[in-house]
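**Q** One file: work-v1.pdb (PDB, C-alpha atoms).
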ATOM      1  CA  MET A   1     -27.734 -20.032 -39.576  1.00  0.00           C
ATOM      2  CA  ALA A   2     -24.368 -21.427 -38.529  1.00  0.00           C
ATOM      3  CA  LYS A   3     -22.722 -17.988 -38.850  1.00  0.00           C
ATOM      4  CA  GLN A   4     -25.478 -16.431 -36.778  1.00  0.00           C
ATOM      5  CA  ASP A   5     -24.994 -19.075 -34.079  1.00  0.00           C
ATOM      6  CA  LYS A   6     -21.267 -18.345 -34.042  1.00  0.00           C
ATOM      7  CA  ARG A   7     -21.904 -14.610 -33.744  1.00  0.00           C
ATOM      8  CA  GLN A   8     -24.315 -15.187 -30.852  1.00  0.00           C
ATOM      9  CA  LYS A   9     -21.804 -17.456 -29.152  1.00  0.00           C
ATOM     10  CA  ARG A  10     -19.049 -14.846 -29.510  1.00  0.00           C
ATOM     11  CA  ALA A  11     -21.419 -12.157 -28.216  1.00  0.00           C
ATOM     12  CA  LYS A  12     -22.263 -14.245 -25.170  1.00  0.00           C
ATOM     13  CA  GLN A  13     -18.573 -14.874 -24.501  1.00  0.00           C
ATOM     14  CA  LYS A  14     -17.796 -11.169 -24.752  1.00  0.00           C
ATOM     15  CA  ALA A  15     -20.690 -10.341 -22.411  1.00  0.00           C
ATOM     16  CA  LYS A  16     -19.441 -12.928 -19.929  1.00  0.00           C
ATOM     17  CA  GLN A  17     -15.903 -11.527 -20.085  1.00  0.00           C
ATOM     18  CA  ALA A  18     -17.254  -8.021 -19.568  1.00  0.00           C
ATOM     19  CA  ARG A  19     -19.187  -9.127 -16.486  1.00  0.00           C
ATOM     20  CA  LEU A  20     -16.132 -10.898 -15.076  1.00  0.00           C
ATOM     21  CA  SER A  21     -14.008  -7.824 -15.758  1.00  0.00           C
ATOM     22  CA  LYS A  22     -16.487  -5.552 -13.969  1.00  0.00           C
ATOM     23  CA  GLN A  23     -16.669  -7.965 -11.044  1.00  0.00           C
ATOM     24  CA  LYS A  24     -12.867  -8.008 -10.821  1.00  0.00           C
ATOM     25  CA  VAL A  25     -12.797  -4.208 -10.693  1.00  0.00           C
ATOM     26  CA  ARG A  26     -15.433  -4.206  -7.935  1.00  0.00           C
ATOM     27  CA  ASP A  27     -13.532  -6.853  -5.990  1.00  0.00           C
ATOM     28  CA  GLU A  28     -10.275  -4.900  -6.258  1.00  0.00           C
ATOM     29  CA  LYS A  29     -12.041  -1.697  -5.231  1.00  0.00           C
ATOM     30  CA  ASN A  30     -13.587  -3.349  -2.180  1.00  0.00           C
ATOM     31  CA  TYR A  31     -10.489  -5.330  -1.253  1.00  0.00           C
ATOM     32  CA  ALA A  32      -9.433  -2.819   1.377  1.00  0.00           C
ATOM     33  CA  ASP A  33     -12.807  -3.115   3.090  1.00  0.00           C
ATOM     34  CA  PHE A  34     -12.181  -6.730   4.048  1.00  0.00           C
ATOM     35  CA  VAL A  35     -10.059  -7.734   7.001  1.00  0.00           C
ATOM     36  CA  TYR A  36      -7.619 -10.595   6.550  1.00  0.00           C
ATOM     37  CA  ILE A  37      -6.115 -12.098   9.688  1.00  0.00           C
ATOM     38  CA  GLN A  38      -2.363 -12.667   9.533  1.00  0.00           C
ATOM     39  CA  GLU A  39       0.254 -14.025  11.879  1.00  0.00           C
ATOM     40  CA  PRO A  40       0.795 -13.848  14.800  1.00  0.00           C
ATOM     41  CA  MET A  41      -2.868 -13.020  15.443  1.00  0.00           C
ATOM     42  CA  LEU A  42      -4.063 -16.018  13.424  1.00  0.00           C
ATOM     43  CA  SER A  43      -2.131 -18.391  15.676  1.00  0.00           C
ATOM     44  CA  LEU A  44      -3.577 -16.633  18.715  1.00  0.00           C
ATOM     45  CA  PHE A  45      -7.144 -17.037  17.432  1.00  0.00           C
ATOM     46  CA  LYS A  46      -6.628 -20.707  16.639  1.00  0.00           C
ATOM     47  CA  SER A  47      -5.385 -21.317  20.179  1.00  0.00           C
ATOM     48  CA  LEU A  48      -8.303 -19.584  21.913  1.00  0.00           C
ATOM     49  CA  PRO A  49     -11.298 -21.397  23.403  1.00  0.00           C
ATOM     50  CA  LEU A  50     -14.543 -21.091  21.512  1.00  0.00           C
ATOM     51  CA  PRO A  51     -16.543 -17.932  22.323  1.00  0.00           C
ATOM     52  CA  ASN A  52     -18.892 -18.428  25.256  1.00  0.00           C
ATOM     53  CA  ASP A  53     -20.710 -16.438  27.900  1.00  0.00           C
ATOM     54  CA  ASP A  54     -17.726 -16.772  30.256  1.00  0.00           C
ATOM     55  CA  PHE A  55     -15.435 -14.874  27.836  1.00  0.00           C
ATOM     56  CA  GLU A  56     -12.607 -17.312  28.534  1.00  0.00           C
ATOM     57  CA  TYR A  57     -10.631 -15.841  25.630  1.00  0.00           C
ATOM     58  CA  ILE A  58     -10.152 -12.502  27.414  1.00  0.00           C
ATOM     59  CA  VAL A  59      -7.021 -13.327  29.420  1.00  0.00           C
ATOM     60  CA  PRO A  60      -5.007 -14.705  26.456  1.00  0.00           C
ATOM     61  CA  ILE A  61      -6.024 -11.703  24.369  1.00  0.00           C
ATOM     62  CA  VAL A  62      -4.991  -9.258  27.116  1.00  0.00           C
ATOM     63  CA  ASN A  63      -1.615 -11.011  27.401  1.00  0.00           C
ATOM     64  CA  PHE A  64      -1.180 -10.868  23.619  1.00  0.00           C
ATOM     65  CA  ALA A  65      -2.168  -7.204  23.415  1.00  0.00           C
ATOM     66  CA  LYS A  66       0.209  -6.261  26.209  1.00  0.00           C
ATOM     67  CA  ALA A  67       3.112  -8.060  24.533  1.00  0.00           C
ATOM     68  CA  GLN A  68       2.361  -6.541  21.122  1.00  0.00           C
ATOM     69  CA  PHE A  69       1.347  -2.984  21.944  1.00  0.00           C
ATOM     70  CA  GLY A  70       2.728  -2.031  25.354  1.00  0.00           C
ATOM     71  CA  LYS A  71       1.013  -0.639  28.424  1.00  0.00           C
ATOM     72  CA  ASN A  72      -0.281   2.556  26.801  1.00  0.00           C
ATOM     73  CA  LEU A  73      -2.320   0.801  24.128  1.00  0.00           C
ATOM     74  CA  TYR A  74      -3.048  -2.745  25.163  1.00  0.00           C
ATOM     75  CA  THR A  75      -6.327  -1.973  26.989  1.00  0.00           C
ATOM     76  CA  GLU A  76      -8.036  -0.660  23.841  1.00  0.00           C
ATOM     77  CA  GLN A  77      -6.297  -3.182  21.619  1.00  0.00           C
ATOM     78  CA  ALA A  78      -7.610  -6.007  23.782  1.00  0.00           C
ATOM     79  CA  VAL A  79     -11.175  -4.895  23.044  1.00  0.00           C
ATOM     80  CA  THR A  80     -10.497  -4.482  19.320  1.00  0.00           C
ATOM     81  CA  ILE A  81      -8.790  -7.873  19.134  1.00  0.00           C
ATOM     82  CA  SER A  82     -11.705  -9.444  20.998  1.00  0.00           C
ATOM     83  CA  ALA A  83     -14.137  -7.931  18.483  1.00  0.00           C
ATOM     84  CA  THR A  84     -11.946  -9.134  15.616  1.00  0.00           C
ATOM     85  CA  TYR A  85     -11.788 -12.624  17.118  1.00  0.00           C
ATOM     86  CA  LEU A  86     -15.574 -12.827  17.350  1.00  0.00           C
ATOM     87  CA  CYS A  87     -15.984 -11.623  13.754  1.00  0.00           C
ATOM     88  CA  TRP A  88     -13.352 -14.126  12.647  1.00  0.00           C
ATOM     89  CA  GLY A  89     -15.236 -16.912  14.353  1.00  0.00           C
ATOM     90  CA  LEU A  90     -18.586 -15.897  12.876  1.00  0.00           C
ATOM     91  CA  HIS A  91     -17.716 -15.021   9.272  1.00  0.00           C
ATOM     92  CA  ASP A  92     -15.243 -16.140   6.621  1.00  0.00           C
ATOM     93  CA  LYS A  93     -14.921 -12.534   5.457  1.00  0.00           C
ATOM     94  CA  PHE A  94     -15.683  -9.424   7.452  1.00  0.00           C
ATOM     95  CA  THR A  95     -15.043  -5.718   7.178  1.00  0.00           C
ATOM     96  CA  THR A  96     -13.703  -3.046   9.465  1.00  0.00           C
ATOM     97  CA  ASP A  97     -17.304  -1.893   9.922  1.00  0.00           C
ATOM     98  CA  ASP A  98     -18.176  -5.365  11.245  1.00  0.00           C
ATOM     99  CA  ILE A  99     -15.362  -5.092  13.784  1.00  0.00           C
ATOM    100  CA  LYS A 100     -16.513  -1.613  14.779  1.00  0.00           C
ATOM    101  CA  GLU A 101     -20.077  -2.850  15.315  1.00  0.00           C
ATOM    102  CA  MET A 102     -18.819  -5.800  17.362  1.00  0.00           C
ATOM    103  CA  THR A 103     -16.708  -3.391  19.443  1.00  0.00           C
ATOM    104  CA  TYR A 104     -19.872  -1.453  20.311  1.00  0.00           C
ATOM    105  CA  ILE A 105     -21.610  -4.667  21.287  1.00  0.00           C
ATOM    106  CA  LEU A 106     -18.754  -5.693  23.587  1.00  0.00           C
ATOM    107  CA  ALA A 107     -18.434  -2.225  25.116  1.00  0.00           C
ATOM    108  CA  ALA A 108     -22.126  -2.292  26.012  1.00  0.00           C
ATOM    109  CA  ASN A 109     -21.954  -5.796  27.510  1.00  0.00           C
ATOM    110  CA  PRO A 110     -21.398  -5.553  31.296  1.00  0.00           C
ATOM    111  CA  ASP A 111     -20.283  -9.184  31.568  1.00  0.00           C
ATOM    112  CA  PHE A 112     -17.566  -8.615  28.994  1.00  0.00           C
ATOM    113  CA  THR A 113     -16.313  -5.383  30.559  1.00  0.00           C
ATOM    114  CA  ILE A 114     -16.163  -6.984  34.021  1.00  0.00           C
ATOM    115  CA  ARG A 115     -14.106  -9.867  32.631  1.00  0.00           C
ATOM    116  CA  LEU A 116     -11.882  -7.434  30.754  1.00  0.00           C
ATOM    117  CA  ASN A 117     -11.255  -5.286  33.815  1.00  0.00           C
ATOM    118  CA  ASN A 118     -10.464  -8.368  35.892  1.00  0.00           C
ATOM    119  CA  ALA A 119      -7.966  -9.526  33.272  1.00  0.00           C
ATOM    120  CA  LEU A 120      -6.401  -6.077  33.039  1.00  0.00           C
ATOM    121  CA  GLU A 121      -6.126  -5.853  36.802  1.00  0.00           C
ATOM    122  CA  LYS A 122      -4.247  -9.137  36.927  1.00  0.00           C
ATOM    123  CA  GLU A 123      -1.837  -7.863  34.301  1.00  0.00           C
ATOM    124  CA  SER A 124      -1.139  -4.545  36.056  1.00  0.00           C
ATOM    125  CA  THR A 125       0.491  -3.617  39.308  1.00  0.00           C
ATOM    126  CA  PRO A 126      -1.990  -2.024  41.746  1.00  0.00           C
ATOM    127  CA  GLN A 127      -0.260   1.342  41.492  1.00  0.00           C
ATOM    128  CA  THR A 128      -0.224   1.423  37.690  1.00  0.00           C
ATOM    129  CA  HIS A 129      -3.820   0.255  37.404  1.00  0.00           C
ATOM    130  CA  SER A 130      -4.979   2.850  39.901  1.00  0.00           C
ATOM    131  CA  ASN A 131      -3.282   5.639  37.950  1.00  0.00           C
ATOM    132  CA  GLU A 132      -4.759   4.467  34.650  1.00  0.00           C
ATOM    133  CA  MET A 133      -8.259   4.368  36.109  1.00  0.00           C
ATOM    134  CA  LEU A 134      -7.856   7.831  37.607  1.00  0.00           C
ATOM    135  CA  THR A 135      -6.869   9.266  34.223  1.00  0.00           C
ATOM    136  CA  VAL A 136      -9.809   7.678  32.446  1.00  0.00           C
ATOM    137  CA  LYS A 137     -12.323   8.782  35.064  1.00  0.00           C
ATOM    138  CA  THR A 138     -10.961  12.327  35.026  1.00  0.00           C
ATOM    139  CA  GLU A 139     -11.244  12.680  31.259  1.00  0.00           C
ATOM    140  CA  ARG A 140     -14.465  10.735  30.705  1.00  0.00           C
ATOM    141  CA  PRO A 141     -16.939  13.075  28.971  1.00  0.00           C
ATOM    142  CA  LEU A 142     -20.611  13.576  29.700  1.00  0.00           C
ATOM    143  CA  PRO A 143     -23.185  12.635  27.054  1.00  0.00           C
ATOM    144  CA  GLU A 144     -25.131  15.452  25.372  1.00  0.00           C
ATOM    145  CA  THR A 145     -22.536  17.983  26.476  1.00  0.00           C
ATOM    146  CA  THR A 146     -20.581  20.637  24.562  1.00  0.00           C
ATOM    147  CA  TYR A 147     -16.815  20.858  25.078  1.00  0.00           C
ATOM    148  CA  VAL A 148     -14.955  24.032  24.125  1.00  0.00           C
ATOM    149  CA  SER A 149     -11.263  24.402  23.325  1.00  0.00           C
ATOM    150  CA  THR A 150      -9.198  26.942  25.233  1.00  0.00           C
ATOM    151  CA  THR A 151      -5.969  26.578  23.207  1.00  0.00           C
ATOM    152  CA  PRO A 152      -6.818  27.582  20.546  1.00  0.00           C
ATOM    153  CA  LYS A 153     -10.103  29.156  21.524  1.00  0.00           C
ATOM    154  CA  GLY A 154     -13.343  28.669  19.651  1.00  0.00           C
ATOM    155  CA  MET A 155     -13.434  24.976  18.753  1.00  0.00           C
ATOM    156  CA  ARG A 156     -16.676  23.389  19.924  1.00  0.00           C
ATOM    157  CA  PHE A 157     -17.363  19.652  20.112  1.00  0.00           C
ATOM    158  CA  TYR A 158     -20.627  18.027  21.058  1.00  0.00           C
ATOM    159  CA  VAL A 159     -20.567  14.635  22.765  1.00  0.00           C
ATOM    160  CA  GLU A 160     -23.654  12.782  21.581  1.00  0.00           C
ATOM    161  CA  ASP A 161     -23.109   9.675  23.664  1.00  0.00           C
ATOM    162  CA  VAL A 162     -20.594   7.659  25.673  1.00  0.00           C
ATOM    163  CA  ILE A 163     -20.787   3.881  25.308  1.00  0.00           C
ATOM    164  CA  GLY A 164     -19.505   1.792  28.203  1.00  0.00           C
ATOM    165  CA  GLU A 165     -20.157   1.247  31.883  1.00  0.00           C
ATOM    166  CA  GLU A 166     -19.403   4.189  34.174  1.00  0.00           C
ATOM    167  CA  ASP A 167     -16.605   2.436  36.059  1.00  0.00           C
ATOM    168  CA  ASP A 168     -14.973   0.749  33.058  1.00  0.00           C
ATOM    169  CA  ASP A 169     -11.602   1.864  31.733  1.00  0.00           C
ATOM    170  CA  PHE A 170     -12.749   1.321  28.144  1.00  0.00           C
ATOM    171  CA  TYR A 171     -15.459   3.395  26.502  1.00  0.00           C
ATOM    172  CA  LEU A 172     -16.341   4.938  23.158  1.00  0.00           C
ATOM    173  CA  VAL A 173     -17.156   8.618  22.644  1.00  0.00           C
ATOM    174  CA  ILE A 174     -19.570   9.619  19.880  1.00  0.00           C
ATOM    175  CA  LEU A 175     -18.470  13.125  18.907  1.00  0.00           C
ATOM    176  CA  ILE A 176     -19.547  15.745  16.366  1.00  0.00           C
ATOM    177  CA  ASP A 177     -18.978  19.435  15.693  1.00  0.00           C
ATOM    178  CA  GLU A 178     -21.482  21.365  17.771  1.00  0.00           C
ATOM    179  CA  GLU A 179     -22.850  23.230  14.752  1.00  0.00           C
ATOM    180  CA  ASN A 180     -23.896  19.891  13.237  1.00  0.00           C
ATOM    181  CA  LYS A 181     -25.424  18.311  16.312  1.00  0.00           C
ATOM    182  CA  HIS A 182     -28.961  18.638  14.919  1.00  0.00           C
ATOM    183  CA  ASN A 183     -27.956  17.566  11.401  1.00  0.00           C
ATOM    184  CA  MET A 184     -28.865  13.886  11.066  1.00  0.00           C
ATOM    185  CA  ASP A 185     -26.793  13.583   7.861  1.00  0.00           C
ATOM    186  CA  ALA A 186     -23.594  14.981   9.354  1.00  0.00           C
ATOM    187  CA  ALA A 187     -20.764  12.533   9.954  1.00  0.00           C
ATOM    188  CA  GLY A 188     -19.385  12.360  13.467  1.00  0.00           C
ATOM    189  CA  ASP A 189     -16.363  10.677  15.014  1.00  0.00           C
ATOM    190  CA  GLU A 190     -16.026   7.643  17.269  1.00  0.00           C
ATOM    191  CA  LEU A 191     -13.177   8.015  19.741  1.00  0.00           C
ATOM    192  CA  THR A 192     -11.713   5.498  22.147  1.00  0.00           C
ATOM    193  CA  ALA A 193     -10.868   6.532  25.701  1.00  0.00           C
ATOM    194  CA  SER A 194      -7.243   7.377  24.929  1.00  0.00           C
ATOM    195  CA  GLU A 195      -8.201   9.242  21.738  1.00  0.00           C
ATOM    196  CA  TRP A 196     -10.658  11.333  23.741  1.00  0.00           C
ATOM    197  CA  THR A 197      -8.009  12.003  26.400  1.00  0.00           C
ATOM    198  CA  HIS A 198      -5.552  13.047  23.678  1.00  0.00           C
ATOM    199  CA  LEU A 199      -8.146  15.434  22.206  1.00  0.00           C
ATOM    200  CA  VAL A 200      -8.802  16.975  25.640  1.00  0.00           C
ATOM    201  CA  GLU A 201      -5.086  17.485  26.252  1.00  0.00           C
ATOM    202  CA  LYS A 202      -4.374  18.760  22.743  1.00  0.00           C
ATOM    203  CA  TYR A 203      -7.047  21.474  22.773  1.00  0.00           C
ATOM    204  CA  SER A 204      -7.473  21.918  26.541  1.00  0.00           C
ATOM    205  CA  LEU A 205     -11.158  21.110  26.293  1.00  0.00           C
ATOM    206  CA  VAL A 206     -13.542  22.167  29.029  1.00  0.00           C
ATOM    207  CA  SER A 207     -17.238  21.365  29.331  1.00  0.00           C
ATOM    208  CA  GLU A 208     -19.724  24.170  28.855  1.00  0.00           C
TER
END
Please re-express this file's structure in structure tokens.
**A**
Amino acid sequence: MAKQDKRQKRAKQKAKQARLSKQKVRDEKNYADFVYIQEPMLSLFKSLPLPNDDFEYIVPIVNFAKAQFGKNLYTEQAVTISATYLCWGLHDKFTTDDIKEMTYILAANPDFTIRLNNALEKESTPQTHSNEMLTVKTERPLPETTYVSTTPKGMRFYVEDVIGEEDDDFYLVILIDEENKHNMDAAGDELTASEWTHLVEKYSLVSE
């Protein structure tokens, strides 16, 4: 009986070790899915006011984004950092998908986009801001519209939706190959304003 008890004990220990080993493999596999905040962004987040309906954290984030990323990127980075900050405040661990979902929520929130535009306007000279807005408005796509490349010819993209207020300088473009626009299982792309502009310039896209 004693030997049988020992065998059962060893079997339980081996089973426990196997479970821990499998869990470790799963954790290592999923490690890249989790976002870990590092300096200097961690210090920024700790210095920000708590999230509220007034979006008081916008101006410090815009200033940070401008210092870190320069004038060509800081508008989009400010939105991404804002989404990251909110996820950081809500969850101990969060994934890139969580940040992406929060970005959608912010882009669709008119109060947030108004605050963001006001902060961006304060950080830009009137001339620079006017030029940036002109570029975004010129390249902003239309939802449910096909865009065709002219160099090279034949590439066809279908814009399923554009998320963001009409007059905002930040928006997200939901894009898919035209041939897959009726395929619910097909994977599309989510482009920021500058990524969409780059695509238009790269392939000389025109609406059809």
**Q** Enumerate, as a PyMOL selection string, the residues matched when the PyMOL selection byres ((chain A and resi 195) around 12) is run on the file above.
**A** chain A and resi 72-73+76+136+139-141+170-175+189-194+196-202
**Q** What lies within 10 Å of Phe64 (chain A) using all atoms listed in the file, ignoring chain neighbours under 5 positions off, as a ChimeraX atom specification?
**A** /A:40-41,44,58-59,69-70,74,77-78,81
**Q** Please, what distance in Å, to one decimal, runs between CA of Thr80 (chain A) and CA of Tyr36 (chain A)?
**A**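 Spanning CA of Thr80 (chain A) to CA of Tyr36 (chain A) is a straight-line distance of 14.4 Å.
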**Q** Quick one: distance from CA of Leu120 (chain A) to CA of Ala107 (chain A) in Å, one decimal?
**A**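 CA of Ala107 (chain A) lies at a distance of 14.9 Å from CA of Leu120 (chain A).
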**Q** For Glu101 (chain A), find every residue with an atom within 12 Å (counting all atoms listed in the file), except residues of its own chain fewer than 3 positions away, and show them as a list of chain:residue names.
**A**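 Close residues of Glu101 (chain A): A:Val79, A:Thr80, A:Ala83, A:Thr84, A:Leu86, A:Cys87, A:Phe94, A:Thr95, A:Thr96, A:Asp97, A:Asp98, A:Tyr104, A:Ile105, A:Leu106, A:Ala107, A:Ala108, A:Leu172, A:Glu190.
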**Q** What is the CA of Val159 (chain A) to CA of Asn180 (chain A) distance in Å?
**A**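 Here the two named atoms are 11.4 Å from each other.
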**Q** Scan for residues within 10 Å of the point (-24.4, 13.6, 28.2) in the coordinates of the file, using all atoms listed in the file, and reply as JSON, numbers by chain.
**A** {"A": [141, 142, 143, 144, 145, 146, 158, 159, 160, 161, 162]}
**Q** Is it possible to get the residues within 8 Å of (-22.9, 21.4, 17.0) (coordinates as in the file, counting all atoms listed in the file) written as a tab-separated table (two decimals) with C-alpha atoms, in the frame of the given file?
**A**
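point-v6.tsv, written as the output of this step:
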chain	number	residue	atom	x	y	z
A	146	THR	CA	-20.58	20.64	24.56
A	156	ARG	CA	-16.68	23.39	19.92
A	157	PHE	CA	-17.36	19.65	20.11
A	158	TYR	CA	-20.63	18.03	21.06
A	176	ILE	CA	-19.55	15.74	16.37
A	177	ASP	CA	-18.98	19.43	15.69
A	178	GLU	CA	-21.48	21.36	17.77
A	179	GLU	CA	-22.85	23.23	14.75
A	180	ASN	CA	-23.90	19.89	13.24
A	181	LYS	CA	-25.42	18.31	16.31
A	182	HIS	CA	-28.96	18.64	14.92
**Q** Which is closer to Met155 (chain A) than all the others in A:Asp92, A:Asp167, A:Glu56, A:Glu208, using only C-alpha atoms?
**A**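 Using only C-alpha atoms, the shortest distance to Met155 (chain A) belongs to A:Glu208.
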**Q** Assuming the input is short of atoms at region 169-181 of chain A, produce N, CA and C atoms for that part as a CSV table (one decimal), in the frame of the given file.
**A**
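The resulting part.csv:
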chain,number,residue,atom,x,y,z
A,169,ASP,N,-12.7,1.1,32.3
A,169,ASP,CA,-11.6,1.9,31.7
A,169,ASP,C,-11.6,1.8,30.2
A,170,PHE,N,-12.6,1.3,29.6
A,170,PHE,CA,-12.7,1.3,28.1
A,170,PHE,C,-14.1,1.9,27.8
A,171,TYR,N,-14.2,2.9,27.0
A,171,TYR,CA,-15.5,3.4,26.5
A,171,TYR,C,-15.3,4.0,25.1
A,172,LEU,N,-16.4,4.3,24.5
A,172,LEU,CA,-16.3,4.9,23.2
A,172,LEU,C,-17.1,6.3,23.2
A,173,VAL,N,-16.6,7.3,22.6
A,173,VAL,CA,-17.2,8.6,22.6
A,173,VAL,C,-17.7,8.9,21.2
A,174,ILE,N,-19.0,9.2,21.2
A,174,ILE,CA,-19.6,9.6,19.9
A,174,ILE,C,-19.6,11.1,19.8
A,175,LEU,N,-18.8,11.7,18.9
A,175,LEU,CA,-18.5,13.1,18.9
A,175,LEU,C,-18.8,13.7,17.6
A,176,ILE,N,-19.2,15.0,17.6
A,176,ILE,CA,-19.5,15.7,16.4
A,176,ILE,C,-19.3,17.2,16.6
A,177,ASP,N,-19.1,18.0,15.6
A,177,ASP,CA,-19.0,19.4,15.7
A,177,ASP,C,-20.3,20.0,16.2
A,178,GLU,N,-20.2,20.9,17.1
A,178,GLU,CA,-21.5,21.4,17.8
A,178,GLU,C,-22.5,21.9,16.8
A,179,GLU,N,-22.0,22.6,15.7
A,179,GLU,CA,-22.8,23.2,14.8
A,179,GLU,C,-23.7,22.2,14.0
A,180,ASN,N,-23.2,20.9,14.0
A,180,ASN,CA,-23.9,19.9,13.2
A,180,ASN,C,-24.7,18.9,14.1
A,181,LYS,N,-24.8,19.3,15.4
A,181,LYS,CA,-25.4,18.3,16.3
A,181,LYS,C,-26.9,18.0,16.0
